[in-house]
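Novice: Got a structure for you, coords_12.cif, holding mmCIF, C-alpha atoms.
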data_entry
loop_
_atom_site.label_atom_id
_atom_site.label_comp_id
_atom_site.auth_asym_id
_atom_site.auth_seq_id
_atom_site.Cartn_x
_atom_site.Cartn_y
_atom_site.Cartn_z
CA MET A 1 -107.45 -21.60 -59.92
CA VAL A 2 -110.60 -19.79 -58.84
CA ILE A 3 -112.52 -21.58 -56.10
CA CYS A 4 -116.23 -20.81 -56.33
CA THR A 5 -118.09 -20.90 -53.04
CA PRO A 6 -121.80 -20.34 -53.68
CA VAL A 7 -122.70 -22.22 -50.48
CA LEU A 8 -121.21 -19.34 -48.51
CA GLU A 9 -123.78 -16.82 -49.73
CA LEU A 10 -126.17 -15.71 -47.01
CA THR A 11 -129.72 -14.41 -47.21
CA THR A 12 -129.09 -11.95 -44.35
CA LEU A 13 -127.05 -8.76 -44.41
CA SER A 14 -125.67 -8.93 -40.92
CA LEU A 15 -122.82 -11.44 -40.62
CA THR A 16 -119.42 -9.79 -40.59
CA LEU A 17 -116.08 -11.59 -40.35
CA TYR A 18 -112.97 -9.86 -39.04
CA PHE A 19 -109.72 -11.54 -40.09
CA LEU A 20 -106.87 -10.66 -37.70
CA ARG A 21 -103.30 -11.66 -38.44
CA HIS A 22 -101.21 -12.40 -35.36
CA GLY A 23 -98.67 -9.91 -34.04
CA GLN A 24 -94.97 -9.78 -34.76
CA THR A 25 -92.76 -12.84 -34.16
CA THR A 26 -89.04 -13.25 -34.69
CA CYS A 27 -89.85 -15.11 -37.92
CA SER A 28 -92.07 -12.36 -39.33
CA ARG A 29 -89.48 -9.77 -38.30
CA GLU A 30 -86.72 -11.63 -40.18
CA ASN A 31 -89.00 -12.63 -43.09
CA LEU A 32 -88.52 -16.36 -42.55
CA PHE A 33 -90.85 -19.07 -43.79
CA CYS A 34 -92.97 -19.85 -40.75
CA GLY A 35 -95.89 -22.25 -40.88
CA VAL A 36 -95.87 -25.23 -38.55
CA ILE A 37 -93.04 -23.89 -36.39
CA ASP A 38 -94.56 -21.79 -33.65
CA PRO A 39 -92.54 -18.87 -32.29
CA GLU A 40 -93.79 -16.69 -29.46
CA LEU A 41 -94.83 -13.10 -30.05
CA THR A 42 -92.08 -10.55 -29.60
CA PRO A 43 -92.65 -7.66 -27.14
CA ASP A 44 -93.75 -5.61 -30.15
CA GLY A 45 -96.11 -8.42 -31.15
CA LEU A 46 -97.65 -8.38 -27.69
CA ALA A 47 -98.06 -4.61 -28.00
CA MET A 48 -99.91 -5.16 -31.28
CA ALA A 49 -102.25 -7.62 -29.56
CA GLN A 50 -102.95 -5.14 -26.78
CA ALA A 51 -103.58 -2.32 -29.27
CA PHE A 52 -106.10 -4.46 -31.15
CA ALA A 53 -107.95 -5.25 -27.93
CA VAL A 54 -108.15 -1.58 -26.95
CA ALA A 55 -109.47 -0.57 -30.36
CA TYR A 56 -111.94 -3.43 -30.88
CA LYS A 57 -113.19 -4.43 -27.43
CA ALA A 58 -116.35 -2.33 -27.76
CA ILE A 59 -117.56 -4.31 -30.78
CA PRO A 60 -120.38 -6.70 -29.80
CA TRP A 61 -118.54 -9.90 -30.65
CA THR A 62 -120.60 -12.99 -31.36
CA ALA A 63 -117.73 -15.47 -31.36
CA ILE A 64 -113.98 -15.80 -31.78
CA PHE A 65 -112.30 -18.49 -33.86
CA SER A 66 -108.54 -18.95 -33.86
CA SER A 67 -105.74 -21.04 -35.19
CA PRO A 68 -104.39 -23.16 -32.31
CA MET A 69 -100.84 -21.85 -32.74
CA LYS A 70 -99.21 -20.00 -29.83
CA ARG A 71 -98.78 -16.80 -31.81
CA THR A 72 -102.47 -16.52 -32.68
CA ILE A 73 -103.72 -17.42 -29.20
CA ALA A 74 -101.40 -14.84 -27.64
CA THR A 75 -102.64 -12.23 -30.12
CA VAL A 76 -106.28 -12.65 -29.19
CA GLN A 77 -105.73 -13.11 -25.45
CA PRO A 78 -106.01 -9.40 -24.52
CA LEU A 79 -109.35 -9.15 -26.32
CA CYS A 80 -110.58 -12.31 -24.58
CA GLU A 81 -109.63 -10.83 -21.22
CA ALA A 82 -111.48 -7.61 -22.07
CA THR A 83 -114.66 -9.29 -23.36
CA GLY A 84 -114.87 -12.54 -21.40
CA LEU A 85 -115.07 -14.57 -24.61
CA GLN A 86 -112.87 -17.58 -25.30
CA PRO A 87 -111.53 -18.54 -28.72
CA GLU A 88 -112.74 -21.67 -30.47
CA LEU A 89 -109.61 -23.32 -31.88
CA ARG A 90 -109.69 -24.77 -35.39
CA ASP A 91 -106.87 -26.59 -37.19
CA GLY A 92 -108.34 -25.37 -40.45
CA LEU A 93 -107.04 -21.89 -39.61
CA LYS A 94 -103.41 -22.98 -39.21
CA GLU A 95 -100.76 -21.45 -41.42
CA ILE A 96 -99.60 -23.15 -44.60
CA ASN A 97 -97.11 -25.94 -43.96
CA TYR A 98 -93.86 -24.83 -45.60
CA GLY A 99 -92.32 -28.28 -45.31
CA LYS A 100 -88.53 -28.24 -45.64
CA TRP A 101 -88.54 -24.47 -46.04
CA GLU A 102 -89.59 -23.85 -42.43
CA GLY A 103 -87.40 -21.36 -40.61
CA ASN A 104 -85.37 -20.45 -43.71
CA THR A 105 -84.95 -17.21 -45.61
CA VAL A 106 -86.17 -16.68 -49.16
CA ALA A 107 -82.55 -16.56 -50.33
CA THR A 108 -81.75 -19.92 -48.73
CA VAL A 109 -84.87 -21.59 -50.10
CA SER A 110 -84.26 -20.17 -53.57
CA GLN A 111 -80.76 -21.63 -53.53
CA GLU A 112 -81.33 -25.01 -51.86
CA PHE A 113 -84.76 -25.80 -53.34
CA HIS A 114 -84.45 -23.78 -56.51
CA ASP A 115 -86.79 -25.66 -58.85
CA ASP A 116 -89.49 -26.14 -56.21
CA TYR A 117 -89.26 -22.48 -55.30
CA LEU A 118 -89.67 -21.39 -58.93
CA ARG A 119 -92.71 -23.65 -59.38
CA TRP A 120 -94.27 -22.44 -56.13
CA SER A 121 -93.63 -18.80 -57.01
CA ALA A 122 -95.32 -19.28 -60.39
CA ASP A 123 -98.39 -21.15 -59.09
CA PRO A 124 -98.63 -21.81 -55.33
CA ALA A 125 -102.21 -22.99 -55.79
CA TRP A 126 -101.03 -26.38 -57.04
CA TYR A 127 -97.27 -26.44 -56.44
CA PRO A 128 -96.47 -26.68 -52.71
CA PRO A 129 -93.29 -25.80 -50.88
CA THR A 130 -91.00 -28.83 -50.70
CA GLU A 131 -92.99 -31.44 -48.71
CA GLY A 132 -95.49 -28.72 -47.75
CA GLU A 133 -99.05 -27.72 -48.64
CA PRO A 134 -100.45 -26.18 -51.84
CA ALA A 135 -102.75 -23.18 -51.50
CA VAL A 136 -105.79 -25.19 -52.61
CA ALA A 137 -105.41 -27.37 -49.50
CA ILE A 138 -105.42 -24.31 -47.24
CA ALA A 139 -108.45 -22.91 -49.05
CA THR A 140 -110.35 -26.18 -48.55
CA ARG A 141 -109.71 -26.45 -44.81
CA ALA A 142 -110.17 -22.74 -44.06
CA LEU A 143 -113.45 -22.54 -45.98
CA GLN A 144 -114.76 -25.44 -43.89
CA VAL A 145 -114.35 -23.19 -40.85
CA ILE A 146 -116.14 -20.34 -42.65
CA GLU A 147 -118.97 -22.69 -43.52
CA GLU A 148 -119.24 -23.76 -39.87
CA ILE A 149 -119.48 -20.13 -38.81
CA LYS A 150 -122.13 -19.43 -41.43
CA GLU A 151 -124.20 -22.40 -40.30
CA ARG A 152 -124.01 -21.45 -36.62
CA PHE A 153 -124.40 -17.67 -36.84
CA ASN A 154 -126.87 -15.89 -39.08
CA ASP A 155 -125.69 -12.49 -37.93
CA GLY A 156 -123.22 -10.72 -35.66
CA ASN A 157 -119.49 -10.07 -35.65
CA VAL A 158 -117.11 -13.02 -35.70
CA LEU A 159 -113.37 -12.65 -35.22
CA ILE A 160 -111.02 -15.05 -37.03
CA VAL A 161 -107.40 -15.00 -35.84
CA ALA A 162 -105.02 -16.63 -38.28
CA HIS A 163 -101.90 -16.23 -40.38
CA LYS A 164 -100.58 -14.33 -43.37
CA ALA A 165 -100.95 -16.95 -46.11
CA THR A 166 -104.08 -18.49 -44.62
CA ILE A 167 -105.91 -15.18 -44.46
CA ARG A 168 -104.89 -14.15 -47.97
CA ILE A 169 -105.84 -17.52 -49.44
CA THR A 170 -109.20 -17.48 -47.64
CA LEU A 171 -109.97 -13.96 -48.83
CA CYS A 172 -109.10 -14.91 -52.41
CA ALA A 173 -111.37 -17.94 -52.24
CA LEU A 174 -114.25 -15.92 -50.79
CA LEU A 175 -113.89 -13.07 -53.27
CA GLY A 176 -113.46 -15.19 -56.39
CA ILE A 177 -109.78 -14.39 -56.89
CA ASP A 178 -107.47 -17.11 -58.16
CA VAL A 179 -105.90 -18.53 -54.98
CA GLY A 180 -102.69 -19.04 -56.92
CA ARG A 181 -102.33 -15.25 -56.92
CA PHE A 182 -102.68 -14.81 -53.17
CA ARG A 183 -99.08 -13.65 -52.76
CA TYR A 184 -99.45 -10.94 -55.41
CA ARG A 185 -102.98 -9.59 -54.95
CA LEU A 186 -103.54 -9.05 -51.21
CA GLY A 187 -101.40 -7.63 -48.43
CA CYS A 188 -101.54 -8.89 -44.85
CA PRO A 189 -98.89 -7.42 -42.53
CA VAL A 190 -98.63 -8.45 -38.88
CA GLY A 191 -101.41 -7.14 -36.66
CA SER A 192 -103.65 -6.19 -39.59
CA VAL A 193 -107.42 -6.59 -39.82
CA SER A 194 -109.44 -7.40 -42.95
CA ILE A 195 -113.24 -7.29 -42.86
CA VAL A 196 -115.73 -9.23 -44.98
CA GLU A 197 -119.45 -8.60 -44.81
CA PHE A 198 -121.89 -11.18 -46.15
CA GLY A 199 -124.92 -9.89 -48.00
CA ALA A 200 -127.49 -10.89 -50.57
CA HIS A 201 -124.84 -10.87 -53.30
CA GLY A 202 -122.20 -12.78 -51.34
CA PRO A 203 -119.03 -11.69 -49.57
CA LEU A 204 -118.09 -8.00 -49.74
CA LEU A 205 -114.61 -6.83 -48.74
CA LYS A 206 -115.06 -3.85 -46.42
CA ALA A 207 -111.44 -3.41 -45.29
CA LEU A 208 -108.11 -4.94 -46.26
CA ALA A 209 -105.05 -5.14 -44.01
CA ASP A 210 -106.13 -2.19 -41.85
CA ARG A 211 -103.64 -1.23 -39.12
CA THR A 212 -104.97 2.13 -37.98
CA HIS A 213 -105.37 0.67 -34.49
CA LEU A 214 -101.57 0.38 -34.25
CA SER A 215 -99.23 3.21 -33.39
CA GLU A 216 -97.02 4.64 -36.12
CA GLU A 217 -94.04 3.01 -34.39
CA LEU A 218 -95.63 -0.46 -34.55
CA ARG A 219 -96.72 0.04 -38.16
CA SER A 220 -93.21 0.99 -39.22
CA LEU A 221 -91.42 -2.05 -37.77
CA PRO A 222 -89.33 -4.15 -40.19
CA GLY A 223 -90.51 -7.53 -41.39
CA THR A 224 -93.62 -8.89 -43.01
#
The structure given in the file should be rewritten as structure tokens.
Specialist:
Amino acid sequence: MVICTPVLELTTLSLTLYFLRHGQTTCSRENLFCGVIDPELTPDGLAMAQAFAVAYKAIPWTAIFSSPMKRTIATVQPLCEATGLQPELRDGLKEINYGKWEGNTVATVSQEFHDDYLRWSADPAWYPPTEGEPAVAIATRALQVIEEIKERFNDGNVLIVAHKATIRITLCALLGIDVGRFRYRLGCPVGSVSIVEFGAHGPLLKALADRTHLSEELRSLPGT
């Protein structure tokens, strides 16, 4: 399904959104399904947060929006301390709810929820994880946050701190990509930054999953 979002087009050329995925957690390191469960950042995850703050603190930030999960708040905290800004928390930026899959490996889910997993893998836009959320639901709630930002800020740099699936689904919806393909079209490793600039012709992807602000050691860590 392609979600068209003409209301998000701006008449100015100066609003830029930075999508930051949180730093490493034990779940991302072990490649576990992690949505509503809320692990802390690992020491490496905290190092990723600090590296982002060092690299991006000089940007004249207009506002910061964040998922209310512990892992996203901890990721943006070093930047907040460096800039004096505080994040505005929005439930619409939470990660996808993986339902009964939460905390499990892909192998376990594939075995114990085989049919649901096959349907979700084929089309996560409309087929949710067992008792979880479909991608279209995440697109709807996340785009409401984008619309709020657009209405409040005609220009400037706005940071959005969120999660792997949420960021990929939001980017797909903004760029006119079928949200059911979010798992196969866009990467989003921990600590990465994707940048979207709004112009006269709508959203333009300026950077995808950039991690040049991280050390080679942090970039090479296992996990997703």
Novice: Could you tell me, as a VMD selection string, exactly which residues end up selected when the PyMOL selection byres ((chain A and resi 15-18) around 9) is applied to this structure?
Specialist: chain A and resid 10 12 to 14 19 to 20 150 153 to 161 193 to 199
Novice: Take the PyMOL selection byres ((chain A and resi 220) around 12), apply it to the structure above, and return the hits as a list in words.
Specialist: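 Selected by the PyMOL selection byres ((chain A and resi 220) around 12) here: Gln24, Arg29, Asp44, Pro189, Val190, Gly191, Arg211, Thr212, Leu214, Ser215, Glu216, Glu217, Leu218, Arg219, Leu221, Pro222, Gly223 and Thr224 of chain A.
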Novice: Emit the selected residues as a PDB file, in the frame of the given file, including C-alpha atoms.
Specialist:
ATOM      1  CA  GLN A  24     -94.970  -9.780 -34.760  1.00  0.00           C
ATOM      2  CA  ARG A  29     -89.480  -9.770 -38.300  1.00  0.00           C
ATOM      3  CA  ASP A  44     -93.750  -5.610 -30.150  1.00  0.00           C
ATOM      4  CA  PRO A 189     -98.890  -7.420 -42.530  1.00  0.00           C
ATOM      5  CA  VAL A 190     -98.630  -8.450 -38.880  1.00  0.00           C
ATOM      6  CA  GLY A 191    -101.410  -7.140 -36.660  1.00  0.00           C
ATOM      7  CA  ARG A 211    -103.640  -1.230 -39.120  1.00  0.00           C
ATOM      8  CA  THR A 212    -104.970   2.130 -37.980  1.00  0.00           C
ATOM      9  CA  LEU A 214    -101.570   0.380 -34.250  1.00  0.00           C
ATOM     10  CA  SER A 215     -99.230   3.210 -33.390  1.00  0.00           C
ATOM     11  CA  GLU A 216     -97.020   4.640 -36.120  1.00  0.00           C
ATOM     12  CA  GLU A 217     -94.040   3.010 -34.390  1.00  0.00           C
ATOM     13  CA  LEU A 218     -95.630  -0.460 -34.550  1.00  0.00           C
ATOM     14  CA  ARG A 219     -96.720   0.040 -38.160  1.00  0.00           C
ATOM     15  CA  LEU A 221     -91.420  -2.050 -37.770  1.00  0.00           C
ATOM     16  CA  PRO A 222     -89.330  -4.150 -40.190  1.00  0.00           C
ATOM     17  CA  GLY A 223     -90.510  -7.530 -41.390  1.00  0.00           C
ATOM     18  CA  THR A 224     -93.620  -8.890 -43.010  1.00  0.00           C
TER      19      THR A 224
END
Novice: Which residues, named as in the file, does the PyMOL selection byres ((chain A and resi 55) around 12) pick out? Answer as a PDB file with C-alpha atoms, in the frame of the given file.
Specialist:
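What ended up in result-v3.pdb:
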ATOM      1  CA  MET A  48     -99.910  -5.160 -31.280  1.00  0.00           C
ATOM      2  CA  ALA A  49    -102.250  -7.620 -29.560  1.00  0.00           C
ATOM      3  CA  GLN A  50    -102.950  -5.140 -26.780  1.00  0.00           C
ATOM      4  CA  ALA A  51    -103.580  -2.320 -29.270  1.00  0.00           C
ATOM      5  CA  PHE A  52    -106.100  -4.460 -31.150  1.00  0.00           C
ATOM      6  CA  ALA A  53    -107.950  -5.250 -27.930  1.00  0.00           C
ATOM      7  CA  VAL A  54    -108.150  -1.580 -26.950  1.00  0.00           C
ATOM      8  CA  TYR A  56    -111.940  -3.430 -30.880  1.00  0.00           C
ATOM      9  CA  LYS A  57    -113.190  -4.430 -27.430  1.00  0.00           C
ATOM     10  CA  ALA A  58    -116.350  -2.330 -27.760  1.00  0.00           C
ATOM     11  CA  ILE A  59    -117.560  -4.310 -30.780  1.00  0.00           C
ATOM     12  CA  PRO A  78    -106.010  -9.400 -24.520  1.00  0.00           C
ATOM     13  CA  LEU A  79    -109.350  -9.150 -26.320  1.00  0.00           C
ATOM     14  CA  ALA A  82    -111.480  -7.610 -22.070  1.00  0.00           C
ATOM     15  CA  VAL A 193    -107.420  -6.590 -39.820  1.00  0.00           C
ATOM     16  CA  ARG A 211    -103.640  -1.230 -39.120  1.00  0.00           C
ATOM     17  CA  THR A 212    -104.970   2.130 -37.980  1.00  0.00           C
ATOM     18  CA  HIS A 213    -105.370   0.670 -34.490  1.00  0.00           C
ATOM     19  CA  LEU A 214    -101.570   0.380 -34.250  1.00  0.00           C
ATOM     20  CA  SER A 215     -99.230   3.210 -33.390  1.00  0.00           C
TER      21      SER A 215
END
Novice: So what do you get for atom CA of A:Leu175 versus atom CA of A:Ala63, distance-wise?
Specialist: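 These atoms are spaced 22.4 Å apart.
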Novice: Could you name the residues that touch A:Lys70 at 10 Å or less, counting only C-alpha atoms, but leaving out those on the same chain fewer than 3 positions away, as a ChimeraX atom specification?
Specialist: /A:22,37-41,67,73-75
Novice: I'd like the contact shell of A:Ala107 - 12 Å cut-off, all atoms listed in the file, skipping same-chain residues fewer than 5 positions apart - returned as a CSV table (one decimal) with C-alpha atoms, keeping the file's coordinate frame.
Specialist:
chain,number,residue,atom,x,y,z
A,31,ASN,CA,-89.0,-12.6,-43.1
A,32,LEU,CA,-88.5,-16.4,-42.6
A,33,PHE,CA,-90.8,-19.1,-43.8
A,101,TRP,CA,-88.5,-24.5,-46.0
A,112,GLU,CA,-81.3,-25.0,-51.9
A,113,PHE,CA,-84.8,-25.8,-53.3
A,114,HIS,CA,-84.4,-23.8,-56.5
A,117,TYR,CA,-89.3,-22.5,-55.3
Novice: Counting all atoms listed in the file, which residue out of A:Thr26, A:Thr130, A:Gln111, A:Thr62 sits closest to A:Gly84?
Specialist: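 Ranked by minimum distance to A:Gly84, first place goes to A:Thr62.
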Novice: Let me make sure I understand: among A:Glu131, A:Leu171, A:Gly202, A:Ser192, which one has the smallest atom-to-atom distance to A:Glu102 if we use all atoms listed in the file?
Specialist: A:Glu131
Novice: Find the residues with any atom within 6 Å of (-100.5, -8.7, -45.1); use only C-alpha atoms and the coordinates as given in the file, and write the answer as an MDAnalysis selection string.
Specialist: chainID A and resid 164 187:189 209
Novice: One decimal, in Å: what's the spacing between atom CA of A:Pro68 and atom CA of A:Glu88?
Specialist: 8.7 Å
Novice: Residues at most 6 Å from A:Thr166, counting only C-alpha atoms, excluding those fewer than 3 positions away in the same chain, as a ChimeraX atom specification?
Specialist: /A:95,163,169
Novice: What lies within 9 Å of A:Arg119 using only C-alpha atoms, ignoring chain neighbours under 5 positions off, as a ChimeraX atom specification?
Specialist: /A:114,124,127-129
Novice: Which residue out of A:Ala200, A:Val109, A:Leu186, A:Ile146 has the minimum interatomic distance to A:Ser121 when only C-alpha atoms are used?
Specialist: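 Residue with the minimum atom-to-atom distance to A:Ser121: A:Val109.
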